[in-house]
>>> print(open('start-v6.cif').read())   # mmCIF, C-alpha atoms
data_entry
loop_
_atom_site.label_atom_id
_atom_site.label_comp_id
_atom_site.auth_asym_id
_atom_site.auth_seq_id
_atom_site.Cartn_x
_atom_site.Cartn_y
_atom_site.Cartn_z
CA MET A 1 5.98 87.52 9.92
CA ALA A 2 5.16 89.56 6.85
CA GLU A 3 8.82 90.38 6.30
CA GLU A 4 9.73 86.71 6.56
CA SER A 5 7.20 85.64 3.94
CA TYR A 6 8.28 88.44 1.58
CA ARG A 7 11.85 87.23 1.84
CA LYS A 8 10.62 83.75 1.01
CA GLU A 9 8.77 85.02 -2.08
CA PHE A 10 12.04 86.49 -3.30
CA THR A 11 14.47 83.67 -2.55
CA LYS A 12 12.29 80.80 -3.74
CA GLY A 13 12.89 81.85 -7.35
CA ILE A 14 16.64 81.52 -6.99
CA PHE A 15 16.87 77.99 -5.60
CA LYS A 16 13.63 76.14 -4.94
CA TYR A 17 11.89 77.22 -8.14
CA ASN A 18 14.92 78.00 -10.29
CA PRO A 19 13.34 78.42 -13.74
CA MET A 20 16.12 76.73 -15.69
CA PHE A 21 17.42 73.93 -13.48
CA VAL A 22 14.32 72.99 -11.48
CA LEU A 23 11.31 73.97 -13.58
CA VAL A 24 13.10 73.55 -16.96
CA LEU A 25 11.09 76.41 -18.49
CA GLY A 26 12.07 78.98 -21.11
CA ILE A 27 14.64 76.68 -22.67
CA CYS A 28 14.63 78.22 -26.16
CA PRO A 29 16.17 81.57 -25.22
CA SER A 30 18.39 80.02 -22.55
CA LEU A 31 20.10 77.91 -25.20
CA ALA A 32 20.10 80.41 -28.02
CA VAL A 33 21.61 83.43 -26.27
CA THR A 34 24.14 81.73 -23.99
CA THR A 35 27.01 81.88 -26.46
CA SER A 36 28.74 84.49 -24.28
CA VAL A 37 28.26 85.82 -20.74
CA LYS A 38 27.49 89.30 -22.05
CA ASN A 39 24.55 87.99 -24.10
CA GLY A 40 23.32 85.90 -21.18
CA LEU A 41 23.34 88.90 -18.84
CA ALA A 42 21.55 91.16 -21.34
CA MET A 43 18.86 88.55 -21.99
CA GLY A 44 18.42 87.88 -18.26
CA GLY A 45 18.11 91.59 -17.52
CA ALA A 46 15.54 92.14 -20.26
CA ALA A 47 13.43 89.15 -19.18
CA THR A 48 13.64 90.16 -15.49
CA PHE A 49 12.40 93.66 -16.31
CA VAL A 50 9.44 92.24 -18.26
CA LEU A 51 8.72 89.69 -15.53
CA ILE A 52 8.66 92.28 -12.72
CA CYS A 53 6.57 94.82 -14.67
CA SER A 54 4.06 92.32 -16.03
CA ASN A 55 3.65 90.65 -12.62
CA PHE A 56 3.03 94.09 -11.06
CA ILE A 57 0.46 95.23 -13.62
CA ILE A 58 -1.35 91.88 -13.77
CA SER A 59 -1.65 91.71 -10.02
CA ILE A 60 -3.01 95.29 -9.89
CA VAL A 61 -5.69 94.67 -12.52
CA ARG A 62 -6.33 91.03 -11.65
CA SER A 63 -9.81 91.62 -10.21
CA SER A 64 -11.05 93.23 -13.43
CA ILE A 65 -9.75 90.52 -15.81
CA PRO A 66 -12.49 87.95 -16.54
CA LYS A 67 -11.28 84.40 -16.05
CA GLU A 68 -12.20 83.21 -19.56
CA ILE A 69 -10.06 85.71 -21.45
CA ARG A 70 -7.19 86.04 -18.96
CA ILE A 71 -4.58 84.46 -21.26
CA PRO A 72 -5.04 86.97 -24.14
CA CYS A 73 -5.01 89.79 -21.56
CA PHE A 74 -1.72 88.53 -20.09
CA ILE A 75 -0.20 88.26 -23.56
CA VAL A 76 -1.12 91.84 -24.46
CA ILE A 77 0.31 93.19 -21.17
CA ILE A 78 3.52 91.17 -21.61
CA ALA A 79 3.84 92.19 -25.27
CA ALA A 80 3.59 95.87 -24.33
CA PHE A 81 6.50 95.55 -21.88
CA VAL A 82 8.53 93.50 -24.36
CA THR A 83 8.12 96.27 -26.93
CA MET A 84 9.35 98.77 -24.32
CA VAL A 85 12.42 96.66 -23.55
CA GLU A 86 13.12 96.22 -27.25
CA LEU A 87 13.06 99.97 -27.88
CA LEU A 88 15.13 100.71 -24.75
CA MET A 89 17.77 98.17 -25.73
CA LYS A 90 17.94 99.52 -29.27
CA ALA A 91 18.48 103.00 -27.84
CA TYR A 92 21.06 102.32 -25.12
CA LEU A 93 22.94 99.09 -25.82
CA PRO A 94 25.66 98.58 -28.46
CA PRO A 95 24.27 97.47 -31.84
CA GLU A 96 26.33 94.25 -31.98
CA LEU A 97 24.74 93.07 -28.72
CA ASN A 98 21.27 93.76 -30.18
CA ALA A 99 22.22 91.93 -33.36
CA SER A 100 23.39 88.83 -31.49
CA LEU A 101 20.22 88.67 -29.36
CA GLY A 102 18.19 89.15 -32.56
CA ILE A 103 14.64 87.84 -32.55
CA PHE A 104 14.98 86.45 -29.04
CA ILE A 105 14.12 89.82 -27.48
CA PRO A 106 10.66 90.00 -29.12
CA LEU A 107 10.32 86.28 -28.37
CA ILE A 108 10.27 87.07 -24.62
CA VAL A 109 6.50 87.44 -25.26
CA VAL A 110 6.14 83.68 -25.53
CA ASN A 111 8.64 82.86 -22.78
CA CYS A 112 6.95 80.23 -20.64
CA ILE A 113 8.44 81.57 -17.36
CA ILE A 114 6.65 84.92 -17.64
CA MET A 115 3.34 83.33 -18.63
CA TYR A 116 3.71 80.77 -15.85
CA ARG A 117 4.25 83.40 -13.14
CA ALA A 118 1.41 85.54 -14.49
CA GLU A 119 -0.98 82.61 -14.44
CA SER A 120 0.04 80.91 -11.22
CA PHE A 121 1.24 83.78 -9.02
CA ALA A 122 0.45 87.34 -10.11
CA TYR A 123 -3.18 86.51 -10.96
CA LYS A 124 -3.74 85.36 -7.37
CA ASN A 125 -1.47 87.55 -5.20
CA LYS A 126 -0.95 91.14 -4.04
CA PRO A 127 1.25 93.57 -6.05
CA LEU A 128 4.24 93.70 -3.65
CA ALA A 129 4.48 89.91 -3.37
CA SER A 130 4.16 89.60 -7.15
CA VAL A 131 6.97 92.09 -7.76
CA LEU A 132 9.25 90.21 -5.33
CA ASP A 133 8.30 86.91 -6.94
CA GLY A 134 9.11 88.29 -10.38
CA ALA A 135 12.42 89.73 -9.19
CA GLY A 136 13.40 86.44 -7.54
CA LEU A 137 12.60 84.27 -10.54
CA GLY A 138 14.20 86.75 -12.90
CA LEU A 139 17.36 86.79 -10.81
CA GLY A 140 17.37 82.99 -10.61
CA TRP A 141 17.03 82.76 -14.37
CA THR A 142 19.73 85.37 -14.99
CA MET A 143 22.09 83.48 -12.67
CA SER A 144 21.48 80.18 -14.46
CA LEU A 145 21.97 81.93 -17.82
CA CYS A 146 25.32 83.20 -16.54
CA ILE A 147 26.37 79.71 -15.41
CA VAL A 148 25.51 78.09 -18.75
CA SER A 149 26.97 80.92 -20.82
CA SER A 150 30.24 81.08 -18.86
CA ILE A 151 30.76 77.33 -19.34
CA ARG A 152 30.01 77.61 -23.05
CA GLU A 153 32.14 80.72 -23.52
CA ILE A 154 35.16 79.25 -21.72
CA LEU A 155 34.98 75.92 -23.56
CA GLY A 156 33.89 77.23 -26.94
CA ALA A 157 35.76 80.48 -27.33
CA GLY A 158 38.42 80.24 -24.61
CA THR A 159 37.32 83.60 -23.18
CA LEU A 160 35.27 84.97 -20.28
CA PHE A 161 33.61 88.39 -20.71
CA GLY A 162 35.74 88.62 -23.86
CA LEU A 163 39.04 88.17 -21.94
CA LYS A 164 41.31 85.26 -22.82
CA VAL A 165 41.34 82.52 -20.15
CA SER A 166 44.51 80.70 -21.09
CA GLU A 167 47.11 81.05 -23.84
CA SER A 168 47.51 77.33 -24.46
CA TYR A 169 43.81 76.39 -24.64
CA GLN A 170 42.53 75.57 -28.11
CA PRO A 171 38.80 76.47 -28.14
CA ALA A 172 36.31 73.76 -29.17
CA SER A 173 33.97 75.92 -31.21
CA VAL A 174 31.25 73.26 -31.26
CA MET A 175 30.41 74.39 -27.72
CA ILE A 176 29.18 77.80 -28.85
CA MET A 177 27.18 76.23 -31.66
CA ALA A 178 23.85 74.42 -31.34
CA PRO A 179 25.01 70.89 -30.32
CA GLY A 180 27.20 72.23 -27.50
CA ALA A 181 24.26 74.12 -26.02
CA PHE A 182 22.09 71.02 -25.77
CA ILE A 183 24.88 68.86 -24.36
CA VAL A 184 25.98 71.43 -21.73
CA LEU A 185 22.42 71.93 -20.50
CA GLY A 186 21.77 68.17 -20.49
CA LEU A 187 24.87 67.49 -18.40
CA LEU A 188 24.09 70.40 -16.02
CA LEU A 189 20.57 69.09 -15.46
CA GLY A 190 22.05 65.64 -14.89
CA PHE A 191 24.40 67.14 -12.29
CA MET A 192 21.49 68.84 -10.50
CA ASN A 193 19.59 65.52 -10.47
CA TRP A 194 22.66 63.74 -9.13
CA ARG A 195 22.92 66.21 -6.22
CA LYS A 196 19.22 65.89 -5.48
CA LEU A 197 19.40 62.08 -5.52
CA ARG A 198 22.45 62.07 -3.25
CA LYS A 199 20.76 64.40 -0.80
CA SER A 200 17.61 62.32 -0.65
CA LYS A 201 19.65 59.14 -0.18
CA GLN A 202 21.59 60.76 2.68
CA SER A 203 18.45 61.93 4.42
CA MET A 204 16.98 58.46 3.96
CA LYS A 205 20.08 56.93 5.59
CA ALA A 206 19.93 59.39 8.48
CA PHE A 207 16.28 58.59 8.94
CA MET A 208 16.98 54.84 9.06
CA LYS A 209 19.77 55.30 11.60
CA HIS A 210 17.53 57.46 13.75
CA ASP A 211 14.84 54.86 13.56
CA MET B 212 10.99 80.54 -59.19
CA ILE B 213 10.54 76.83 -58.52
CA LYS B 214 14.25 76.50 -57.85
CA GLU B 215 14.07 79.27 -55.27
CA ILE B 216 11.14 77.63 -53.50
CA VAL B 217 12.84 74.23 -53.41
CA LEU B 218 15.95 75.91 -51.99
CA ILE B 219 13.92 77.63 -49.26
CA ILE B 220 12.32 74.32 -48.26
CA ILE B 221 15.61 72.39 -48.16
CA SER B 222 17.29 75.19 -46.27
CA VAL B 223 14.62 75.50 -43.60
CA VAL B 224 13.96 71.76 -43.15
CA PHE B 225 17.54 70.49 -43.02
CA VAL B 226 20.21 73.19 -42.96
CA ASN B 227 18.55 75.71 -40.64
CA ASN B 228 16.18 73.35 -38.86
CA PHE B 229 14.19 75.48 -36.41
CA VAL B 230 14.54 73.11 -33.48
CA LEU B 231 18.05 71.84 -33.98
CA SER B 232 19.92 74.91 -35.13
CA LYS B 233 17.75 77.91 -34.20
CA PHE B 234 16.49 76.68 -30.78
CA LEU B 235 12.86 77.53 -31.55
CA GLY B 236 9.94 75.46 -30.30
CA LEU B 237 11.89 73.44 -27.76
CA CYS B 238 9.11 73.24 -25.17
CA PRO B 239 6.70 71.17 -27.31
CA PHE B 240 9.71 69.36 -28.79
CA LEU B 241 10.61 68.00 -25.35
CA GLY B 242 7.09 67.91 -23.93
CA VAL B 243 5.20 66.08 -26.66
CA SER B 244 7.90 63.79 -28.08
CA GLN B 245 7.22 60.83 -25.79
CA LYS B 246 5.01 59.03 -28.32
CA THR B 247 5.27 59.02 -32.13
CA SER B 248 1.52 59.45 -32.68
CA SER B 249 1.20 62.59 -30.57
CA ALA B 250 4.44 63.96 -32.02
CA LEU B 251 2.99 63.62 -35.52
CA GLY B 252 -0.30 65.26 -34.52
CA MET B 253 1.48 68.18 -32.89
CA GLY B 254 3.78 68.56 -35.90
CA VAL B 255 0.87 68.70 -38.36
CA ALA B 256 -1.04 71.23 -36.25
CA VAL B 257 2.04 73.44 -35.86
CA THR B 258 2.80 73.25 -39.60
CA PHE B 259 -0.75 74.32 -40.40
CA VAL B 260 -0.70 77.28 -38.00
CA MET B 261 2.81 78.32 -39.10
CA THR B 262 1.86 78.37 -42.79
CA ILE B 263 -1.22 80.52 -42.29
CA ALA B 264 0.49 82.70 -39.67
CA SER B 265 3.37 83.41 -42.09
CA ALA B 266 0.93 84.45 -44.81
CA ILE B 267 -1.15 86.71 -42.55
CA THR B 268 1.76 88.33 -40.71
CA TRP B 269 3.39 89.05 -44.10
CA ILE B 270 0.24 90.94 -45.14
CA VAL B 271 0.05 92.74 -41.78
CA TYR B 272 3.74 93.68 -42.02
CA ASN B 273 3.61 95.02 -45.57
CA TYR B 274 0.20 96.72 -45.60
CA ILE B 275 -0.35 97.84 -42.02
CA LEU B 276 2.99 98.16 -40.22
CA LEU B 277 5.50 99.38 -42.82
CA PRO B 278 5.58 103.09 -43.63
CA GLY B 279 4.86 104.10 -47.23
CA ASP B 280 2.04 104.48 -49.74
CA ALA B 281 0.84 100.88 -49.43
CA ASN B 282 -0.06 101.37 -45.78
CA ILE B 283 -3.82 100.97 -45.32
CA VAL B 284 -3.96 102.81 -41.99
CA ALA B 285 -2.36 105.82 -43.69
CA TRP B 286 -5.50 106.30 -45.80
CA ILE B 287 -7.34 107.29 -42.63
CA PHE B 288 -4.46 108.76 -40.59
CA PRO B 289 -2.03 110.41 -43.06
CA SER B 290 0.67 110.91 -40.42
CA ILE B 291 1.23 107.14 -40.31
CA ARG B 292 2.62 107.24 -43.87
CA GLU B 293 6.05 108.55 -42.86
CA LEU B 294 6.52 106.71 -39.58
CA GLY B 295 4.65 103.46 -39.92
CA LEU B 296 3.71 101.36 -36.89
CA ILE B 297 6.60 98.95 -37.21
CA GLU B 298 8.52 99.99 -34.10
CA VAL B 299 5.71 99.90 -31.60
CA LEU B 300 3.11 97.43 -32.82
CA LYS B 301 5.10 94.61 -34.44
CA THR B 302 5.29 92.20 -31.49
CA ILE B 303 1.79 92.91 -30.22
CA SER B 304 0.11 92.60 -33.61
CA TYR B 305 1.92 89.35 -34.45
CA ILE B 306 1.05 87.66 -31.18
CA LEU B 307 -2.58 88.74 -31.55
CA VAL B 308 -2.70 87.37 -35.10
CA ILE B 309 -1.30 84.05 -33.90
CA ALA B 310 -3.59 83.79 -30.87
CA THR B 311 -6.64 84.53 -33.02
CA LEU B 312 -5.51 82.05 -35.63
CA VAL B 313 -5.04 79.26 -33.11
CA GLN B 314 -8.51 79.93 -31.72
CA LEU B 315 -9.92 79.83 -35.26
CA VAL B 316 -8.15 76.57 -36.10
CA GLU B 317 -9.48 75.09 -32.88
CA MET B 318 -13.06 76.06 -33.75
CA LEU B 319 -12.75 74.85 -37.36
CA LEU B 320 -11.26 71.51 -36.38
CA ARG B 321 -13.91 70.92 -33.72
CA LYS B 322 -16.64 71.51 -36.31
CA MET B 323 -15.10 69.81 -39.35
CA VAL B 324 -12.62 67.11 -38.23
CA PRO B 325 -13.68 66.13 -34.70
CA ALA B 326 -11.41 63.05 -34.68
CA LEU B 327 -8.24 65.12 -35.20
CA TYR B 328 -9.49 67.68 -32.68
CA GLU B 329 -9.91 64.98 -30.06
CA SER B 330 -6.46 63.53 -30.66
CA LEU B 331 -4.70 66.90 -30.40
CA GLY B 332 -6.49 67.82 -27.18
CA ILE B 333 -4.51 70.16 -24.93
CA TYR B 334 -1.72 70.72 -27.49
CA LEU B 335 -3.87 72.92 -29.73
CA PRO B 336 -4.19 75.98 -27.44
CA LEU B 337 -0.52 75.60 -26.49
CA ILE B 338 0.53 76.42 -30.06
CA THR B 339 -0.03 80.10 -29.24
CA THR B 340 2.97 80.10 -26.93
CA ASN B 341 5.13 78.01 -29.26
CA CYS B 342 8.03 80.29 -30.01
CA ALA B 343 8.59 78.66 -33.42
CA VAL B 344 5.35 80.22 -34.72
CA LEU B 345 6.19 83.74 -33.59
CA GLY B 346 9.80 83.10 -34.57
CA VAL B 347 8.97 82.29 -38.19
CA ALA B 348 6.75 85.36 -38.42
CA LEU B 349 9.57 87.57 -37.09
CA LEU B 350 12.22 85.94 -39.29
CA ASN B 351 10.05 86.31 -42.41
CA THR B 352 9.71 90.02 -41.91
CA THR B 353 13.15 91.10 -40.79
CA ASP B 354 14.94 92.46 -43.81
CA SER B 355 18.19 90.56 -43.33
CA PRO B 356 19.48 89.10 -45.56
CA ARG B 357 16.73 90.09 -48.01
CA GLN B 358 13.05 90.90 -48.15
CA LEU B 359 10.90 87.83 -48.82
CA GLY B 360 7.89 87.93 -51.16
CA PHE B 361 4.44 86.69 -50.12
CA LEU B 362 4.88 83.24 -51.66
CA GLN B 363 8.40 82.79 -50.30
CA ALA B 364 7.31 83.79 -46.80
CA THR B 365 4.42 81.32 -46.86
CA VAL B 366 6.67 78.55 -48.17
CA GLN B 367 9.23 79.33 -45.49
CA GLY B 368 6.52 79.05 -42.83
CA CYS B 369 5.34 75.73 -44.21
CA GLY B 370 8.90 74.42 -44.53
CA ALA B 371 9.75 75.44 -40.99
CA GLY B 372 6.71 73.49 -39.82
CA ILE B 373 7.84 70.44 -41.80
CA GLY B 374 11.31 70.74 -40.27
CA PHE B 375 9.73 70.92 -36.80
CA THR B 376 7.69 67.78 -37.58
CA VAL B 377 10.76 65.92 -38.85
CA ALA B 378 12.72 66.76 -35.70
CA MET B 379 9.77 65.78 -33.47
CA LEU B 380 9.35 62.42 -35.24
CA LEU B 381 13.08 61.58 -35.02
CA MET B 382 13.13 62.54 -31.35
CA SER B 383 10.03 60.51 -30.51
CA GLY B 384 11.61 57.46 -32.18
CA ILE B 385 14.73 57.92 -30.07
CA ARG B 386 12.74 58.43 -26.87
CA GLU B 387 10.65 55.30 -27.44
CA ARG B 388 13.91 53.34 -27.57
CA LEU B 389 15.39 55.23 -24.60
CA ALA B 390 12.55 54.01 -22.42
CA LEU B 391 13.85 50.46 -22.84
CA VAL B 392 17.57 50.90 -22.06
CA SER B 393 19.27 51.45 -18.72
CA ILE B 394 20.50 55.01 -18.30
CA PRO B 395 22.48 56.30 -15.28
CA GLU B 396 19.87 57.40 -12.76
CA PRO B 397 20.64 61.15 -12.64
CA LEU B 398 20.44 61.45 -16.43
CA ARG B 399 17.01 59.84 -16.81
CA GLY B 400 14.21 61.92 -18.34
CA VAL B 401 14.96 65.44 -19.54
CA PRO B 402 18.81 65.42 -19.27
CA ILE B 403 19.25 62.45 -21.61
CA ALA B 404 16.70 63.97 -23.99
CA PHE B 405 18.87 67.11 -24.16
CA ILE B 406 22.03 65.12 -24.79
CA CYS B 407 20.31 63.13 -27.58
CA THR B 408 19.09 66.40 -29.11
CA GLY B 409 22.66 67.67 -29.01
CA LEU B 410 23.89 64.60 -30.88
CA MET B 411 21.05 65.00 -33.42
CA ALA B 412 22.03 68.64 -33.90
CA LEU B 413 25.60 67.49 -34.48
CA ALA B 414 24.34 65.08 -37.14
CA PHE B 415 22.30 67.85 -38.80
CA PHE B 416 25.53 69.85 -39.05
CA GLY B 417 26.29 67.55 -41.96
CA PHE B 418 23.74 69.47 -44.04
CA SER B 419 25.39 72.85 -43.47
CA GLY B 420 26.87 74.36 -46.60
CA MET B 421 24.29 72.66 -48.83
CA VAL B 422 22.42 75.94 -49.26
CA GLN B 423 23.80 79.42 -48.62
#
>>> encode(input="start-v6.cif", output="structure tokens")
Amino acid sequence: MAEESYRKEFTKGIFKYNPMFVLVLGICPSLAVTTSVKNGLAMGGAATFVLICSNFIISIVRSSIPKEIRIPCFIVIIAAFVTMVELLMKAYLPPELNASLGIFIPLIVVNCIIMYRAESFAYKNKPLASVLDGAGLGLGWTMSLCIVSSIREILGAGTLFGLKVSESYQPASVMIMAPGAFIVLGLLLGFMNWRKLRKSKQSMKAFMKHD
Amino acid sequence: MIKEIVLIIISVVFVNNFVLSKFLGLCPFLGVSQKTSSALGMGVAVTFVMTIASAITWIVYNYILLPGDANIVAWIFPSIRELGLIEVLKTISYILVIATLVQLVEMLLRKMVPALYESLGIYLPLITTNCAVLGVALLNTTDSPRQLGFLQATVQGCGAGIGFTVAMLLMSGIRERLALVSIPEPLRGVPIAFICTGLMALAFFGFSGMVQ
């Protein structure tokens, strides 16, 4: 039973509680860094690391954090891990990748997804479950970042992972600039809603027939 | 001097609008832009916090974090003078400054302008996690393209807040109209708000090139 519920803690972040498409949280970085798949992956990895570590630490010390000042405590814990990620990325990743992510790495501190999981999951659950929850949501977010950034990179630059997709395609560079980001995400969210509506209509029909 | 300040304001309100071209502060932008009155209240509160936060984080950056003779901590711990605290304490100190500031503003407003405090309600504490506030503090103190002075940094903070308010007001006007028209069912709510924001961002592209 325990194994089953642990698996559920992990997979719920990928589909049921997908941070970008279902919860619509953490939109600022998901639009700003999705100009290429490489940036999206780096951002997703950094945020996942912070999410797992902060969930783990918060759930270990949760009994000694007074309820009234829990938010400042969470912020300090998250900020410490963000500083770690920032220094690690500066040390090991190529400088142009760091330059293109810019201030959005320190801005992980105010990413709503991390705060949301700290407040609503890690503060109430055991360490192992919190780590799995963080890993699941982080993976879900990274996957959605990859989807958005691959669409934008293919349409806006005509490349994927820096490789040319087609010789004849003339890139529409508006897609890698600000307006393209908003429109792509809007249409993707519309697509997700359309699927959800269709599913609920189908189940309604099946229910009527059964009746 | 005055010319420089006017340029900073124009640049940060129109050309590099925080919401529409830098993707900062999108959560309150989408969350609070349903009604014009609450959009205006949120915009004013954010502008206020951003202005003061820019001023204070500039002081923290130049006199506490940066290495050198001006560093106050170095008077007590001389070893700080060469290294500074910039690498390790920047993010933490900024977020603490902002969180304290928001708490302070909340207390001041409750005591001095209770009517405004009531109308802002839940939005006040949420300013702490508005990435536009931390974003302006970080942008003011990164040295590309050039180091800003105290006055310029404060003006940039205030201008960014004004830009945020302008974008919020425009969006709330659009959303009040959107409530009345028929939109394809899957696009209702957040998706259409995103698409409208995209079109607004496209319109704001018209300002690019006005200021370098």
>>> interface_residues(input="start-v6.cif", of="chain A", to="chain B", cutoff="9 Å", atoms="all atoms listed in the file", output="count of residues only")
50
>>> residues_around(input="start-v6.cif", residues="Met379 of chain B", least_positions_apart="6", cutoff="10 Å", atoms="only C-alpha atoms", output="PDB file with C-alpha atoms, in the coordinates of the input")
ATOM      1  CA  VAL B 230      14.540  73.110 -33.480  1.00  0.00           C
ATOM      2  CA  LEU B 237      11.890  73.440 -27.760  1.00  0.00           C
ATOM      3  CA  PRO B 239       6.700  71.170 -27.310  1.00  0.00           C
ATOM      4  CA  PHE B 240       9.710  69.360 -28.790  1.00  0.00           C
ATOM      5  CA  LEU B 241      10.610  68.000 -25.350  1.00  0.00           C
ATOM      6  CA  VAL B 243       5.200  66.080 -26.660  1.00  0.00           C
ATOM      7  CA  SER B 244       7.900  63.790 -28.080  1.00  0.00           C
ATOM      8  CA  GLN B 245       7.220  60.830 -25.790  1.00  0.00           C
ATOM      9  CA  LYS B 246       5.010  59.030 -28.320  1.00  0.00           C
ATOM     10  CA  THR B 247       5.270  59.020 -32.130  1.00  0.00           C
ATOM     11  CA  SER B 249       1.200  62.590 -30.570  1.00  0.00           C
ATOM     12  CA  ALA B 250       4.440  63.960 -32.020  1.00  0.00           C
ATOM     13  CA  LEU B 251       2.990  63.620 -35.520  1.00  0.00           C
ATOM     14  CA  MET B 253       1.480  68.180 -32.890  1.00  0.00           C
ATOM     15  CA  GLY B 254       3.780  68.560 -35.900  1.00  0.00           C
ATOM     16  CA  ILE B 373       7.840  70.440 -41.800  1.00  0.00           C
ATOM     17  CA  ILE B 385      14.730  57.920 -30.070  1.00  0.00           C
TER      18      ILE B 385
END
>>> atom_distance(input="start-v6.cif", atom1="atom CA of Glu317 of chain B", atom2="atom CA of Val260 of chain B")
10.4 Å
>>> resolve_selection(input="start-v6.cif", expression="the PyMOL selection byres ((chain A and resi 118-125) around 6)", output="list in words")
Asn55, Ser59, Arg62, Met115, Tyr116, Arg117, Lys126 and Ser130 of chain A
>>> residues_around(input="start-v6.cif", residues="Met421 of chain B", least_positions_apart="6", cutoff="9 Å", atoms="all atoms listed in the file", output="ChimeraX atom specification")
/B:221-222,226
>>> resolve_selection(input="start-v6.cif", expression="the PyMOL selection byres ((chain A and resi 1-11) around 6)", output="number ranges by chain")
A: 12-14, 132-133, 136
>>> write_last_selection(input="start-v6.cif", atoms="C-alpha atoms", output="compact mmCIF listing (two decimals), in the coordinates of the input")
# COMPACT_ATOMS: atom_id res chain seq x y z
CA LYS A 12 12.29 80.80 -3.74
CA GLY A 13 12.89 81.85 -7.35
CA ILE A 14 16.64 81.52 -6.99
CA LEU A 132 9.25 90.21 -5.33
CA ASP A 133 8.30 86.91 -6.94
CA GLY A 136 13.40 86.44 -7.54
>>> closest_residue(input="start-v6.cif", among="B:Leu294, B:Ile213, B:Val313, B:Ala348", to="Val271 of chain B", atoms="only C-alpha atoms")
B:Ala348
>>> residues_around(input="start-v6.cif", residues="Thr142 of chain A", least_positions_apart="4", cutoff="8 Å", atoms="only C-alpha atoms", output="compact mmCIF listing (two decimals) with C-alpha atoms, in the frame of the given file")
# COMPACT_ATOMS: atom_id res chain seq x y z
CA GLY A 40 23.32 85.90 -21.18
CA LEU A 41 23.34 88.90 -18.84
CA MET A 43 18.86 88.55 -21.99
CA GLY A 44 18.42 87.88 -18.26
CA GLY A 45 18.11 91.59 -17.52
CA THR A 48 13.64 90.16 -15.49
CA GLY A 138 14.20 86.75 -12.90
CA CYS A 146 25.32 83.20 -16.54
>>> build_atoms(input="start-v6.cif", residues="segment 317-328 of chain B", atoms="N, CA and C atoms", output="mmCIF file, keeping the file's coordinate frame")
data_model
loop_
_atom_site.group_PDB
_atom_site.id
_atom_site.type_symbol
_atom_site.label_atom_id
_atom_site.label_comp_id
_atom_site.auth_asym_id
_atom_site.auth_seq_id
_atom_site.Cartn_x
_atom_site.Cartn_y
_atom_site.Cartn_z
ATOM 1 N N GLU B 317 -8.837 75.945 -33.870
ATOM 2 C CA GLU B 317 -9.480 75.090 -32.880
ATOM 3 C C GLU B 317 -10.973 74.945 -33.185
ATOM 4 N N MET B 318 -11.627 76.096 -33.477
ATOM 5 C CA MET B 318 -13.060 76.060 -33.750
ATOM 6 C C MET B 318 -13.349 75.284 -35.030
ATOM 7 N N LEU B 319 -12.543 75.526 -36.086
ATOM 8 C CA LEU B 319 -12.750 74.850 -37.360
ATOM 9 C C LEU B 319 -12.595 73.350 -37.213
ATOM 10 N N LEU B 320 -11.519 72.942 -36.530
ATOM 11 C CA LEU B 320 -11.260 71.510 -36.380
ATOM 12 C C LEU B 320 -12.383 70.840 -35.597
ATOM 13 N N ARG B 321 -12.869 71.519 -34.547
ATOM 14 C CA ARG B 321 -13.910 70.920 -33.720
ATOM 15 C C ARG B 321 -15.165 70.679 -34.555
ATOM 16 N N LYS B 322 -15.440 71.619 -35.486
ATOM 17 C CA LYS B 322 -16.640 71.510 -36.310
ATOM 18 C C LYS B 322 -16.442 70.495 -37.439
ATOM 19 N N MET B 323 -15.250 70.554 -38.094
ATOM 20 C CA MET B 323 -15.100 69.810 -39.350
ATOM 21 C C MET B 323 -14.391 68.470 -39.194
ATOM 22 N N VAL B 324 -13.329 68.391 -38.390
ATOM 23 C CA VAL B 324 -12.620 67.110 -38.230
ATOM 24 C C VAL B 324 -12.566 66.759 -36.743
ATOM 25 N N PRO B 325 -13.666 66.354 -36.150
ATOM 26 C CA PRO B 325 -13.680 66.130 -34.700
ATOM 27 C C PRO B 325 -12.651 65.094 -34.249
ATOM 28 N N ALA B 326 -12.348 64.097 -35.102
ATOM 29 C CA ALA B 326 -11.410 63.050 -34.680
ATOM 30 C C ALA B 326 -10.025 63.639 -34.428
ATOM 31 N N LEU B 327 -9.556 64.489 -35.360
ATOM 32 C CA LEU B 327 -8.240 65.120 -35.200
ATOM 33 C C LEU B 327 -8.248 66.050 -33.995
ATOM 34 N N TYR B 328 -9.376 66.763 -33.813
ATOM 35 C CA TYR B 328 -9.490 67.680 -32.680
ATOM 36 C C TYR B 328 -9.338 66.935 -31.363
#
